[in-house]
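Colleague: Please read through the structure below; I'll follow up with questions.
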Amino acid sequence: MIGIINYGAGNIFSLTAALERVGLSYGMINTAEEIDLYDRIIIPGVGHAGAAMNKLRESGLVPYIKELRKPVLGICVGMQLLTDYSEEGEAEMLKLFPLKTLHFEAGVAGKVPHMGWNSISIQANNPLFANIEDQSYFYFVHSYYIEYDTAFTAAKCDYGLPFSAAISKDNFFGVQFHPEKSGKAGEQLLLNFSTIQLD
Amino acid sequence: MLAKRIIPCLDVKDGRTVKGVNFVDLRDAGDPVELAYEYSQQGADELVFLDITATHEGRKTTIDLVKAVARQVNIPFTIGGGINEIKDADILLNAGADKISINSAAVRNPDLINQMAAAFGAQFVVVAVDTRSIESQDFVHLSGGRIKTEINTLDWILEAQERGAGEILLTSMDHDGTKNGFDNGFLKAVNDRIHIPLIASGGAGNQQHFVDVFQQTNVDAALAASVFHYGEILIPDLKHTLRHNGIVVR
């Protein structure tokens, strides 16, 4: 069963609705003890990355999240929390990926926020993208992005420059887009996450 | 590549769609949730619900509607109408709306844009602007285009962007309902000046109008109501036509 880290960074109604649509059960994680109730974890998040990191710290869950060995999926700002640092609020993050979250400069990337459906280039054999066609469209809405990195980028998107639409490292996964709002491809991704088996 | 978005707009009153719909065999064509689901299946990229409910009791119905849409539809949606303060937006956000759209309330109290952007993030705040051209000058209009203001439309859009709007929904009241095409000249003038996404609205009558608005103005999205509701344009056909004309669509 999926546990959702419930640290107060944005509305999670759409996420839980999507999980229900695809028939996945879930529960909320408010305390460290509750982490043990679930075999995989989603870290949601919308809004300001620095503010979200502060809320996560206040929840007391940070050390437990960093030690997790079960599958973890960060969504949008929840993904950005997994990086070293974000320019949004000049905030230190969880440092699970040696990557930075940077601001889209207007003019380089087109309009900011990057809002709408964009196609992604998927790294072969990543279990998060099983049964999802390369160049599928996903729904993005963000002004900050995680830099592209050949070692950790699981799916690349282009918006004036290449950036990470998805990252993965060991048991940690992150997606910049919103799978809960990305049609059938997004629902497939949530299903994939629910069945990921780690080696 | 970022795709151009096609957005059907549904007018809703007391939880029911108010304009006729006859494009598919819906069990209940007045049910906005069923209609929204159908549009999502057809390939609509996003939906806008314009709530014209007047009563307080009706607003509760709207919140139930938002929850039902969020549960059943797997694409983003915006809700506009009757949002006058942070509290109104907060309820809709928690009910599952992806964005809210504010129009007259923002003109009356521009600081509302700053407050909403600070509270929820710019991406949540769509500023809807109704414009009409009078002797070659563009003026913001209120109450569905009935009330003229002295505010220059482009100035207002630039101010809204500065105050933290994440997107602009621009409706040309001169074109709305004519089915003679979008107001491409003005849309291009606005689009060239702003750095947030722009949704074109008003005047769609056939598929070529969508080709024209994207090719001539490079707006990010195009919105229409009746041509979709009455089945005059089917979204899969429209996407095919746009693709054939070199426009990137999902």
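Identifiers in the structure tokens: chain A, B, ... in order shown; residue index from 1 per chain; ligand index from 1 in order shown.
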Would you pick out the contacts of His142 of chain A at 10 Å or less, using only C-alpha atoms, so that residues sharing its chain but fewer than 6 positions from it are not included, and give the list as a PyMOL selection string?
Modeller: (chain A and resi 46-47+76-77+103-104+112-116+176-177) or (chain B and resi 121-123)
Colleague: Hey, can you spit out that residue selection with all heavy atoms as a tab-separated table (two decimals), in the first residue's frame?
Modeller:
```tsv
chain	number	residue	atom	x	y	z
A	46	VAL	N	3.18	21.07	-3.94
A	46	VAL	CA	3.01	22.17	-4.89
A	46	VAL	C	3.40	23.45	-4.17
A	46	VAL	O	3.49	23.48	-2.94
A	46	VAL	CB	1.57	22.30	-5.44
A	46	VAL	CG1	1.21	21.14	-6.34
A	46	VAL	CG2	0.57	22.43	-4.31
A	47	GLY	N	3.63	24.49	-4.94
A	47	GLY	CA	3.96	25.77	-4.33
A	47	GLY	C	5.45	26.02	-4.27
A	47	GLY	O	6.19	25.62	-5.16
A	76	CYS	N	6.47	16.71	-8.53
A	76	CYS	CA	6.59	18.17	-8.69
A	76	CYS	C	7.53	18.73	-7.64
A	76	CYS	O	8.70	18.38	-7.62
A	76	CYS	CB	5.22	18.84	-8.69
A	76	CYS	SG	5.28	20.52	-9.37
A	77	VAL	N	7.05	19.57	-6.72
A	77	VAL	CA	7.95	20.08	-5.68
A	77	VAL	C	8.46	18.94	-4.81
A	77	VAL	O	9.58	18.98	-4.31
A	77	VAL	CB	7.22	21.18	-4.85
A	77	VAL	CG1	8.03	21.53	-3.60
A	77	VAL	CG2	7.02	22.43	-5.70
A	103	HIS	N	15.94	28.01	-11.65
A	103	HIS	CA	14.81	28.79	-12.17
A	103	HIS	C	14.89	28.89	-13.70
A	103	HIS	O	15.97	29.08	-14.25
A	103	HIS	CB	14.83	30.20	-11.57
A	103	HIS	CG	13.61	30.99	-11.90
A	103	HIS	ND1	13.62	32.11	-12.70
A	103	HIS	CD2	12.30	30.80	-11.56
A	103	HIS	CE1	12.39	32.57	-12.82
A	103	HIS	NE2	11.56	31.80	-12.14
A	104	PHE	N	13.74	28.73	-14.36
A	104	PHE	CA	13.66	28.99	-15.80
A	104	PHE	C	13.82	30.50	-16.02
A	104	PHE	O	13.01	31.28	-15.53
A	104	PHE	CB	12.30	28.59	-16.36
A	104	PHE	CG	12.13	27.14	-16.66
A	104	PHE	CD1	11.07	26.43	-16.11
A	104	PHE	CD2	12.98	26.48	-17.54
A	104	PHE	CE1	10.88	25.09	-16.41
A	104	PHE	CE2	12.79	25.14	-17.84
A	104	PHE	CZ	11.75	24.44	-17.28
A	112	VAL	N	7.21	31.56	-18.71
A	112	VAL	CA	7.34	30.98	-17.38
A	112	VAL	C	6.12	31.41	-16.57
A	112	VAL	O	5.83	32.61	-16.54
A	112	VAL	CB	8.64	31.47	-16.70
A	112	VAL	CG1	8.78	30.86	-15.32
A	112	VAL	CG2	9.85	31.14	-17.57
A	113	PRO	N	5.40	30.49	-15.92
A	113	PRO	CA	5.69	29.06	-15.77
A	113	PRO	C	5.60	28.25	-17.07
A	113	PRO	O	4.92	28.64	-18.02
A	113	PRO	CB	4.61	28.58	-14.79
A	113	PRO	CG	3.53	29.61	-14.78
A	113	PRO	CD	4.18	30.89	-15.19
A	114	HIS	N	6.36	27.14	-17.08
A	114	HIS	CA	6.23	26.12	-18.12
A	114	HIS	C	4.93	25.39	-17.79
A	114	HIS	O	4.86	24.65	-16.81
A	114	HIS	CB	7.42	25.17	-18.05
A	114	HIS	CG	7.33	23.96	-18.94
A	114	HIS	ND1	7.66	22.70	-18.50
A	114	HIS	CD2	6.97	23.83	-20.23
A	114	HIS	CE1	7.50	21.83	-19.50
A	114	HIS	NE2	7.08	22.50	-20.54
A	115	MET	N	3.87	25.68	-18.56
A	115	MET	CA	2.55	25.19	-18.22
A	115	MET	C	1.92	24.50	-19.42
A	115	MET	O	1.84	25.09	-20.49
A	115	MET	CB	1.67	26.36	-17.78
A	115	MET	CG	0.30	25.95	-17.28
A	115	MET	SD	-0.77	27.37	-16.99
A	115	MET	CE	-0.12	28.01	-15.46
A	116	GLY	N	1.53	23.25	-19.24
A	116	GLY	CA	0.84	22.54	-20.30
A	116	GLY	C	1.45	21.17	-20.54
A	116	GLY	O	2.19	20.65	-19.70
A	176	GLN	N	8.70	15.59	-12.44
A	176	GLN	CA	8.39	17.01	-12.41
A	176	GLN	C	6.94	17.27	-12.82
A	176	GLN	O	6.30	18.20	-12.34
A	176	GLN	CB	9.34	17.77	-13.36
A	176	GLN	CG	9.13	19.25	-13.37
A	176	GLN	CD	9.39	19.86	-12.00
A	176	GLN	OE1	10.52	19.88	-11.51
A	176	GLN	NE2	8.34	20.35	-11.35
A	177	PHE	N	6.42	16.43	-13.71
A	177	PHE	CA	5.04	16.61	-14.19
A	177	PHE	C	4.06	16.06	-13.15
A	177	PHE	O	4.47	15.49	-12.12
A	177	PHE	CB	4.85	15.90	-15.53
A	177	PHE	CG	5.36	14.49	-15.55
A	177	PHE	CD1	4.62	13.44	-15.02
A	177	PHE	CD2	6.61	14.19	-16.10
A	177	PHE	CE1	5.10	12.14	-15.03
A	177	PHE	CE2	7.09	12.89	-16.13
A	177	PHE	CZ	6.34	11.86	-15.59
B	121	GLY	N	0.47	30.26	-5.06
B	121	GLY	CA	1.41	30.16	-6.18
B	121	GLY	C	0.79	30.72	-7.45
B	121	GLY	O	-0.41	30.60	-7.67
B	122	ALA	N	1.63	31.33	-8.28
B	122	ALA	CA	1.14	31.97	-9.50
B	122	ALA	C	0.43	30.98	-10.42
B	122	ALA	O	-0.54	31.34	-11.10
B	122	ALA	CB	2.31	32.63	-10.24
B	123	GLN	N	0.89	29.73	-10.41
B	123	GLN	CA	0.33	28.75	-11.35
B	123	GLN	C	-1.15	28.48	-11.10
B	123	GLN	O	-1.85	27.95	-11.95
B	123	GLN	CB	1.12	27.44	-11.29
B	123	GLN	CG	0.76	26.47	-10.16
B	123	GLN	CD	1.19	26.94	-8.79
B	123	GLN	OE1	2.10	27.75	-8.65
B	123	GLN	NE2	0.52	26.46	-7.76
```
Colleague: Would you mind listing, as a JSON list (two decimals) with N, CA and C atoms, in the first residue's frame, all residues of chain A that have at least one atom within 6 Å of chain B, where only C-alpha atoms are what counts?
Modeller:
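Output (result.json):
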```json
[["chain", "number", "residue", "atom", "x", "y", "z"],
["A", 11, "ASN", "N", -2.45, 20.92, -1.85],
["A", 11, "ASN", "CA", -3.63, 20.08, -1.85],
["A", 11, "ASN", "C", -3.31, 18.72, -2.48],
["A", 13, "PHE", "N", -5.84, 16.36, -2.94],
["A", 13, "PHE", "CA", -7.11, 15.75, -3.35],
["A", 13, "PHE", "C", -6.97, 15.11, -4.74],
["A", 14, "SER", "N", -6.33, 15.82, -5.67],
["A", 14, "SER", "CA", -6.21, 15.30, -7.04],
["A", 14, "SER", "C", -5.37, 14.02, -7.07],
["A", 17, "ALA", "N", -7.43, 11.21, -5.59],
["A", 17, "ALA", "CA", -8.48, 10.87, -6.56],
["A", 17, "ALA", "C", -7.92, 10.00, -7.68],
["A", 47, "GLY", "N", 3.63, 24.49, -4.94],
["A", 47, "GLY", "CA", 3.96, 25.77, -4.33],
["A", 47, "GLY", "C", 5.45, 26.02, -4.27],
["A", 111, "LYS", "N", 7.83, 31.00, -22.19],
["A", 111, "LYS", "CA", 7.06, 31.58, -21.10],
["A", 111, "LYS", "C", 7.27, 30.83, -19.80],
["A", 112, "VAL", "N", 7.21, 31.56, -18.71],
["A", 112, "VAL", "CA", 7.34, 30.98, -17.38],
["A", 112, "VAL", "C", 6.12, 31.41, -16.57],
["A", 117, "TRP", "N", 1.09, 20.60, -21.68],
["A", 117, "TRP", "CA", 1.49, 19.23, -22.00],
["A", 117, "TRP", "C", 2.76, 19.25, -22.83],
["A", 118, "ASN", "N", 3.79, 18.55, -22.34],
["A", 118, "ASN", "CA", 5.04, 18.47, -23.09],
["A", 118, "ASN", "C", 5.44, 17.00, -23.23],
["A", 119, "SER", "N", 6.12, 16.71, -24.34],
["A", 119, "SER", "CA", 6.55, 15.33, -24.59],
["A", 119, "SER", "C", 7.88, 15.07, -23.90],
["A", 181, "LYS", "N", -2.66, 14.31, -13.29],
["A", 181, "LYS", "CA", -3.39, 15.16, -14.24],
["A", 181, "LYS", "C", -2.95, 14.88, -15.67],
["A", 182, "SER", "N", -2.23, 13.80, -15.89],
["A", 182, "SER", "CA", -1.62, 13.54, -17.20],
["A", 182, "SER", "C", -2.29, 12.41, -17.96],
["A", 183, "GLY", "N", -3.62, 12.37, -17.89],
["A", 183, "GLY", "CA", -4.36, 11.41, -18.69],
["A", 183, "GLY", "C", -3.97, 9.97, -18.39]]
```
Colleague: Among segment 8-211 of chain B, which residues does DSSP mark as strand (DSSP E) when it is run on the backbone? Keep the chain and numbering as in the structure and answer as an MDAnalysis selection string.
Modeller: chainID B and resid 8:13 16:17 47:51 77:80 99:102 125:134 137:142 147:152 167:172 198:201
Colleague: Could you please take those selected residues and save N, CA and C atoms as a short mmCIF file (atom, residue, chain, number, x, y, z; two decimals), in the first residue's frame?
Modeller:
```cif
data_model
loop_
_atom_site.label_atom_id
_atom_site.label_comp_id
_atom_site.auth_asym_id
_atom_site.auth_seq_id
_atom_site.Cartn_x
_atom_site.Cartn_y
_atom_site.Cartn_z
N PRO B 8 -12.19 23.20 -23.94
CA PRO B 8 -13.63 23.44 -23.93
C PRO B 8 -14.03 24.17 -22.64
N CYS B 9 -14.97 25.09 -22.76
CA CYS B 9 -15.45 25.85 -21.61
C CYS B 9 -16.91 25.50 -21.35
N LEU B 10 -17.22 25.17 -20.11
CA LEU B 10 -18.59 24.79 -19.74
C LEU B 10 -19.18 25.84 -18.80
N ASP B 11 -20.33 26.38 -19.17
CA ASP B 11 -21.04 27.29 -18.27
C ASP B 11 -21.92 26.45 -17.35
N VAL B 12 -21.80 26.72 -16.06
CA VAL B 12 -22.51 25.91 -15.08
C VAL B 12 -23.34 26.80 -14.17
N LYS B 13 -24.57 26.39 -13.93
CA LYS B 13 -25.42 27.11 -12.97
C LYS B 13 -26.08 26.10 -12.05
N ARG B 16 -25.37 22.54 -12.90
CA ARG B 16 -25.82 21.98 -14.18
C ARG B 16 -25.25 22.83 -15.32
N THR B 17 -24.94 22.19 -16.45
CA THR B 17 -24.51 22.97 -17.61
C THR B 17 -25.72 23.71 -18.18
N LEU B 47 -9.88 21.86 -19.07
CA LEU B 47 -11.27 22.30 -19.07
C LEU B 47 -11.40 23.57 -18.25
N VAL B 48 -12.35 24.41 -18.66
CA VAL B 48 -12.69 25.57 -17.84
C VAL B 48 -14.17 25.48 -17.51
N PHE B 49 -14.49 25.63 -16.24
CA PHE B 49 -15.89 25.72 -15.80
C PHE B 49 -16.15 27.15 -15.38
N LEU B 50 -17.15 27.74 -15.98
CA LEU B 50 -17.53 29.09 -15.59
C LEU B 50 -18.83 28.99 -14.80
N ASP B 51 -18.72 29.27 -13.51
CA ASP B 51 -19.87 29.12 -12.62
C ASP B 51 -20.67 30.41 -12.57
N PHE B 77 -8.18 21.22 -14.66
CA PHE B 77 -9.32 22.11 -14.92
C PHE B 77 -9.28 23.36 -14.04
N THR B 78 -9.90 24.40 -14.60
CA THR B 78 -9.96 25.71 -13.97
C THR B 78 -11.40 26.00 -13.62
N ILE B 79 -11.64 26.67 -12.50
CA ILE B 79 -13.00 27.11 -12.22
C ILE B 79 -13.01 28.62 -11.99
N GLY B 80 -13.97 29.27 -12.63
CA GLY B 80 -14.10 30.72 -12.49
C GLY B 80 -15.53 31.09 -12.15
N LYS B 99 -6.76 25.26 -11.01
CA LYS B 99 -6.57 26.70 -11.10
C LYS B 99 -7.91 27.37 -10.84
N ILE B 100 -7.85 28.62 -10.42
CA ILE B 100 -9.06 29.42 -10.34
C ILE B 100 -8.90 30.61 -11.28
N SER B 101 -10.02 31.09 -11.77
CA SER B 101 -9.97 32.24 -12.65
C SER B 101 -10.74 33.38 -12.00
N ILE B 102 -10.11 34.55 -11.95
CA ILE B 102 -10.78 35.73 -11.40
C ILE B 102 -10.86 36.80 -12.47
N VAL B 125 -3.36 30.89 -10.40
CA VAL B 125 -4.15 32.10 -10.59
C VAL B 125 -4.26 32.48 -12.07
N VAL B 126 -5.45 32.29 -12.63
CA VAL B 126 -5.73 32.74 -13.99
C VAL B 126 -6.49 34.05 -13.88
N VAL B 127 -6.03 35.07 -14.58
CA VAL B 127 -6.81 36.31 -14.63
C VAL B 127 -7.54 36.34 -15.97
N ALA B 128 -8.88 36.34 -15.88
CA ALA B 128 -9.72 36.39 -17.08
C ALA B 128 -10.03 37.85 -17.38
N VAL B 129 -9.88 38.21 -18.65
CA VAL B 129 -10.09 39.60 -19.06
C VAL B 129 -11.06 39.61 -20.24
N ASP B 130 -12.16 40.36 -20.10
CA ASP B 130 -13.09 40.56 -21.21
C ASP B 130 -12.80 41.92 -21.82
N THR B 131 -12.58 41.94 -23.13
CA THR B 131 -12.20 43.20 -23.77
C THR B 131 -13.12 43.52 -24.95
N ARG B 132 -13.26 44.80 -25.19
CA ARG B 132 -14.05 45.27 -26.32
C ARG B 132 -13.30 46.46 -26.92
N SER B 133 -13.32 46.55 -28.25
CA SER B 133 -12.63 47.65 -28.91
C SER B 133 -13.64 48.77 -29.20
N ILE B 134 -13.28 49.97 -28.76
CA ILE B 134 -14.16 51.13 -29.00
C ILE B 134 -13.33 52.22 -29.65
N GLN B 137 -9.66 51.63 -29.60
CA GLN B 137 -9.01 51.46 -28.31
C GLN B 137 -9.65 50.29 -27.58
N ASP B 138 -8.82 49.53 -26.88
CA ASP B 138 -9.31 48.33 -26.20
C ASP B 138 -9.54 48.62 -24.71
N PHE B 139 -10.77 48.33 -24.28
CA PHE B 139 -11.13 48.59 -22.88
C PHE B 139 -11.58 47.31 -22.20
N VAL B 140 -11.16 47.16 -20.93
CA VAL B 140 -11.63 46.06 -20.10
C VAL B 140 -13.12 46.26 -19.84
N HIS B 141 -13.88 45.16 -19.96
CA HIS B 141 -15.31 45.19 -19.66
C HIS B 141 -15.61 44.20 -18.54
N LEU B 142 -16.67 44.49 -17.80
CA LEU B 142 -17.06 43.64 -16.68
C LEU B 142 -18.44 43.04 -16.93
N ILE B 147 -20.53 45.92 -18.93
CA ILE B 147 -20.13 47.17 -18.28
C ILE B 147 -18.73 47.57 -18.74
N LYS B 148 -18.63 48.74 -19.33
CA LYS B 148 -17.34 49.23 -19.81
C LYS B 148 -16.58 49.89 -18.65
N THR B 149 -15.28 49.67 -18.63
CA THR B 149 -14.43 50.43 -17.70
C THR B 149 -13.56 51.36 -18.54
N GLU B 150 -12.82 52.22 -17.86
CA GLU B 150 -11.90 53.13 -18.56
C GLU B 150 -10.50 52.53 -18.62
N ILE B 151 -10.39 51.23 -18.24
CA ILE B 151 -9.06 50.63 -18.15
C ILE B 151 -8.62 50.07 -19.51
N ASN B 152 -7.44 50.48 -19.94
CA ASN B 152 -6.86 49.95 -21.18
C ASN B 152 -6.53 48.47 -20.98
N GLU B 167 -1.42 33.09 -15.61
CA GLU B 167 -1.95 32.87 -16.95
C GLU B 167 -3.04 33.92 -17.21
N ILE B 168 -3.22 34.27 -18.49
CA ILE B 168 -4.28 35.21 -18.86
C ILE B 168 -5.26 34.51 -19.79
N LEU B 169 -6.55 34.65 -19.49
CA LEU B 169 -7.62 34.16 -20.37
C LEU B 169 -8.28 35.39 -20.96
N LEU B 170 -8.01 35.64 -22.24
CA LEU B 170 -8.46 36.89 -22.87
C LEU B 170 -9.63 36.61 -23.82
N THR B 171 -10.79 37.18 -23.50
CA THR B 171 -11.98 37.01 -24.34
C THR B 171 -12.29 38.31 -25.06
N SER B 172 -12.34 38.25 -26.37
CA SER B 172 -12.76 39.41 -27.16
C SER B 172 -14.28 39.40 -27.26
N LEU B 198 -0.95 32.61 -22.46
CA LEU B 198 -2.16 33.33 -22.87
C LEU B 198 -3.14 32.35 -23.53
N ILE B 199 -4.39 32.38 -23.05
CA ILE B 199 -5.47 31.58 -23.64
C ILE B 199 -6.35 32.51 -24.46
N ALA B 200 -6.55 32.17 -25.73
CA ALA B 200 -7.40 32.96 -26.62
C ALA B 200 -8.84 32.48 -26.49
N SER B 201 -9.78 33.43 -26.45
CA SER B 201 -11.19 33.07 -26.34
C SER B 201 -12.05 34.06 -27.12
#
```
Colleague: Within 12 Å of segment 61-69 of chain A, counting only C-alpha atoms, which residues qualify if same-chain residues fewer than 4 places away don't, as a short mmCIF file (atom, residue, chain, number, x, y, z; two decimals) with N, CA, C and O atoms, in the first residue's frame?
Modeller:
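Once written, result06.cif looks like this:
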```
data_model
loop_
_atom_site.label_atom_id
_atom_site.label_comp_id
_atom_site.auth_asym_id
_atom_site.auth_seq_id
_atom_site.Cartn_x
_atom_site.Cartn_y
_atom_site.Cartn_z
N GLY A 3 1.92 4.99 0.98
CA GLY A 3 1.79 6.00 2.02
C GLY A 3 2.14 7.37 1.46
O GLY A 3 3.12 7.51 0.73
N ILE A 4 1.32 8.37 1.74
CA ILE A 4 1.55 9.73 1.24
C ILE A 4 2.06 10.59 2.40
O ILE A 4 1.41 10.68 3.44
N ILE A 5 3.24 11.17 2.20
CA ILE A 5 3.79 12.05 3.23
C ILE A 5 2.89 13.28 3.33
O ILE A 5 2.75 14.05 2.37
N ASN A 6 2.28 13.47 4.50
CA ASN A 6 1.25 14.50 4.69
C ASN A 6 1.85 15.63 5.51
O ASN A 6 1.69 15.70 6.71
N TYR A 7 2.58 16.52 4.81
CA TYR A 7 3.31 17.58 5.54
C TYR A 7 2.77 18.96 5.23
O TYR A 7 3.39 19.97 5.57
N ILE A 29 0.78 9.58 5.92
CA ILE A 29 1.88 9.46 6.88
C ILE A 29 2.08 10.80 7.58
O ILE A 29 2.45 11.79 6.95
N ASN A 30 1.80 10.83 8.86
CA ASN A 30 1.99 12.04 9.66
C ASN A 30 3.16 11.90 10.64
O ASN A 30 3.73 12.90 11.06
N THR A 31 3.46 10.67 10.99
CA THR A 31 4.53 10.45 11.98
C THR A 31 5.50 9.38 11.46
O THR A 31 5.16 8.61 10.54
N ALA A 32 6.69 9.33 12.05
CA ALA A 32 7.71 8.38 11.62
C ALA A 32 7.21 6.94 11.74
O ALA A 32 7.49 6.10 10.87
N GLU A 33 6.45 6.66 12.78
CA GLU A 33 5.94 5.29 12.99
C GLU A 33 5.06 4.85 11.82
O GLU A 33 5.06 3.68 11.44
N GLU A 34 4.32 5.80 11.28
CA GLU A 34 3.38 5.45 10.20
C GLU A 34 4.09 5.06 8.91
O GLU A 34 3.49 4.42 8.04
N ILE A 35 5.36 5.44 8.77
CA ILE A 35 6.11 5.06 7.56
C ILE A 35 6.15 3.54 7.42
O ILE A 35 6.05 2.99 6.32
N ASP A 36 6.24 2.85 8.55
CA ASP A 36 6.38 1.39 8.52
C ASP A 36 5.12 0.67 8.03
O ASP A 36 5.17 -0.51 7.71
N TYR A 38 3.58 1.18 5.32
CA TYR A 38 3.44 1.18 3.86
C TYR A 38 4.68 0.60 3.20
O TYR A 38 5.78 0.73 3.72
N ASP A 39 4.48 0.01 2.01
CA ASP A 39 5.65 -0.57 1.32
C ASP A 39 6.22 0.37 0.26
O ASP A 39 7.23 0.05 -0.37
N ARG A 40 5.55 1.49 0.03
CA ARG A 40 6.09 2.52 -0.88
C ARG A 40 5.49 3.86 -0.52
O ARG A 40 4.40 3.93 0.04
N ILE A 41 6.25 4.91 -0.87
CA ILE A 41 5.95 6.24 -0.32
C ILE A 41 5.87 7.27 -1.46
O ILE A 41 6.72 7.27 -2.36
N ILE A 42 4.85 8.14 -1.41
CA ILE A 42 4.79 9.29 -2.32
C ILE A 42 5.01 10.57 -1.52
O ILE A 42 4.41 10.75 -0.46
N ILE A 43 5.89 11.44 -2.05
CA ILE A 43 6.07 12.78 -1.47
C ILE A 43 5.45 13.78 -2.45
O ILE A 43 6.01 14.05 -3.51
N ALA A 52 8.17 24.46 1.24
CA ALA A 52 7.83 23.03 1.37
C ALA A 52 8.90 22.31 2.19
O ALA A 52 8.58 21.48 3.04
N MET A 53 10.18 22.64 1.94
CA MET A 53 11.26 21.99 2.69
C MET A 53 11.17 22.34 4.17
O MET A 53 11.38 21.48 5.04
N ASN A 54 10.82 23.59 4.46
CA ASN A 54 10.65 23.98 5.87
C ASN A 54 9.55 23.18 6.54
O ASN A 54 9.67 22.73 7.67
N LYS A 55 8.44 23.00 5.80
CA LYS A 55 7.32 22.22 6.36
C LYS A 55 7.73 20.77 6.59
O LYS A 55 7.35 20.16 7.59
N LEU A 56 8.50 20.24 5.64
CA LEU A 56 8.94 18.85 5.79
C LEU A 56 9.84 18.71 7.01
O LEU A 56 9.74 17.74 7.78
N ARG A 57 10.72 19.69 7.22
CA ARG A 57 11.59 19.67 8.41
C ARG A 57 10.75 19.71 9.69
O ARG A 57 10.99 18.96 10.63
N LEU A 73 8.48 8.05 -4.40
CA LEU A 73 8.22 8.87 -5.59
C LEU A 73 7.89 10.30 -5.15
O LEU A 73 6.91 10.54 -4.45
N GLY A 74 8.74 11.23 -5.58
CA GLY A 74 8.46 12.65 -5.35
C GLY A 74 7.77 13.23 -6.57
O GLY A 74 8.18 12.96 -7.70
N GLY A 78 7.66 17.89 -4.67
CA GLY A 78 8.10 16.70 -3.93
C GLY A 78 9.33 16.07 -4.56
O GLY A 78 10.16 15.46 -3.87
N LEU A 81 12.40 18.38 -3.78
CA LEU A 81 12.90 18.18 -2.42
C LEU A 81 14.03 17.16 -2.36
O LEU A 81 14.86 17.18 -1.45
N LEU A 82 14.05 16.24 -3.34
CA LEU A 82 15.06 15.17 -3.34
C LEU A 82 16.44 15.67 -3.74
O LEU A 82 17.44 14.98 -3.53
N THR A 83 16.52 16.89 -4.31
CA THR A 83 17.80 17.39 -4.83
C THR A 83 18.64 18.01 -3.71
O THR A 83 18.22 18.06 -2.56
N MET A 93 18.08 21.20 0.32
CA MET A 93 17.02 20.20 0.23
C MET A 93 17.49 18.89 0.87
O MET A 93 18.41 18.88 1.68
N LEU A 94 16.90 17.76 0.47
CA LEU A 94 17.19 16.48 1.13
C LEU A 94 18.54 15.88 0.73
O LEU A 94 19.03 14.97 1.38
N LYS A 95 19.09 16.33 -0.40
CA LYS A 95 20.41 15.89 -0.86
C LYS A 95 20.47 14.39 -1.16
O LYS A 95 21.46 13.72 -0.88
N LEU A 96 19.39 13.87 -1.71
CA LEU A 96 19.39 12.46 -2.13
C LEU A 96 19.89 12.31 -3.56
O LEU A 96 20.27 11.22 -3.98
N PHE A 97 19.85 13.38 -4.33
CA PHE A 97 20.42 13.42 -5.68
C PHE A 97 21.40 14.59 -5.72
O PHE A 97 21.06 15.68 -5.26
N LYS A 169 17.26 7.05 -8.81
CA LYS A 169 18.53 6.60 -8.20
C LYS A 169 18.16 5.60 -7.12
O LYS A 169 17.45 5.94 -6.17
N ASP A 170 18.59 4.36 -7.28
CA ASP A 170 18.26 3.29 -6.34
C ASP A 170 16.73 3.23 -6.14
O ASP A 170 16.01 3.05 -7.09
N ASN A 171 16.27 3.44 -4.89
CA ASN A 171 14.84 3.35 -4.62
C ASN A 171 14.12 4.69 -4.75
O ASN A 171 12.91 4.77 -4.53
N PHE A 172 14.84 5.76 -5.09
CA PHE A 172 14.23 7.09 -5.16
C PHE A 172 13.90 7.48 -6.59
O PHE A 172 14.73 7.37 -7.50
N PHE A 173 12.65 7.93 -6.78
CA PHE A 173 12.18 8.38 -8.09
C PHE A 173 11.54 9.76 -7.91
O PHE A 173 10.98 10.07 -6.85
N GLN A 197 9.56 -3.33 -8.16
CA GLN A 197 10.30 -4.22 -7.26
C GLN A 197 11.77 -3.83 -7.33
O GLN A 197 12.33 -3.72 -8.41
N LEU A 198 12.38 -3.60 -6.19
CA LEU A 198 13.79 -3.24 -6.19
C LEU A 198 14.63 -4.49 -6.15
O LEU A 198 14.24 -5.50 -5.58
N ASP A 199 15.81 -4.42 -6.79
CA ASP A 199 16.71 -5.58 -6.83
C ASP A 199 17.30 -5.85 -5.44
O ASP A 199 17.52 -4.93 -4.69
#
```
Colleague: Using only C-alpha atoms, determine which residues lie at most 10 Å from Val175 of chain A, disregarding the query and same-chain residues fewer than 3 positions distant; provide the list as a count of residues only.
Modeller: 22
Colleague: Near Glu159 of chain B, counting only C-alpha atoms, which residues have an atom at most 12 Å away, once you skip same-chain residues fewer than 3 positions from it, shown as an mmCIF file with C-alpha atoms, in the first residue's frame?
Modeller:
```cif
data_model
loop_
_atom_site.group_PDB
_atom_site.id
_atom_site.type_symbol
_atom_site.label_atom_id
_atom_site.label_comp_id
_atom_site.auth_asym_id
_atom_site.auth_seq_id
_atom_site.Cartn_x
_atom_site.Cartn_y
_atom_site.Cartn_z
ATOM 1 C CA ALA B 106 -9.530 41.416 -9.699
ATOM 2 C CA VAL B 107 -10.453 44.622 -11.515
ATOM 3 C CA PRO B 110 -6.216 44.255 -8.012
ATOM 4 C CA ASP B 111 -4.395 43.320 -4.807
ATOM 5 C CA ILE B 113 -4.078 38.838 -7.540
ATOM 6 C CA ASN B 114 -1.057 39.410 -5.281
ATOM 7 C CA VAL B 127 -6.813 36.306 -14.629
ATOM 8 C CA VAL B 129 -10.091 39.603 -19.062
ATOM 9 C CA ILE B 151 -9.058 50.625 -18.147
ATOM 10 C CA ASN B 152 -6.859 49.952 -21.176
ATOM 11 C CA THR B 153 -6.841 46.193 -21.755
ATOM 12 C CA LEU B 154 -3.138 45.719 -22.450
ATOM 13 C CA ASP B 155 -2.202 47.899 -19.461
ATOM 14 C CA TRP B 156 -4.422 45.781 -17.236
ATOM 15 C CA GLU B 162 3.230 42.020 -12.611
ATOM 16 C CA ARG B 163 0.973 41.274 -9.640
ATOM 17 C CA GLY B 164 1.514 37.536 -9.990
ATOM 18 C CA ALA B 165 -1.036 36.097 -12.436
ATOM 19 C CA ILE B 168 -4.276 35.211 -18.858
ATOM 20 C CA ARG B 193 4.198 41.657 -24.717
ATOM 21 C CA ILE B 194 3.702 39.097 -21.939
#
```
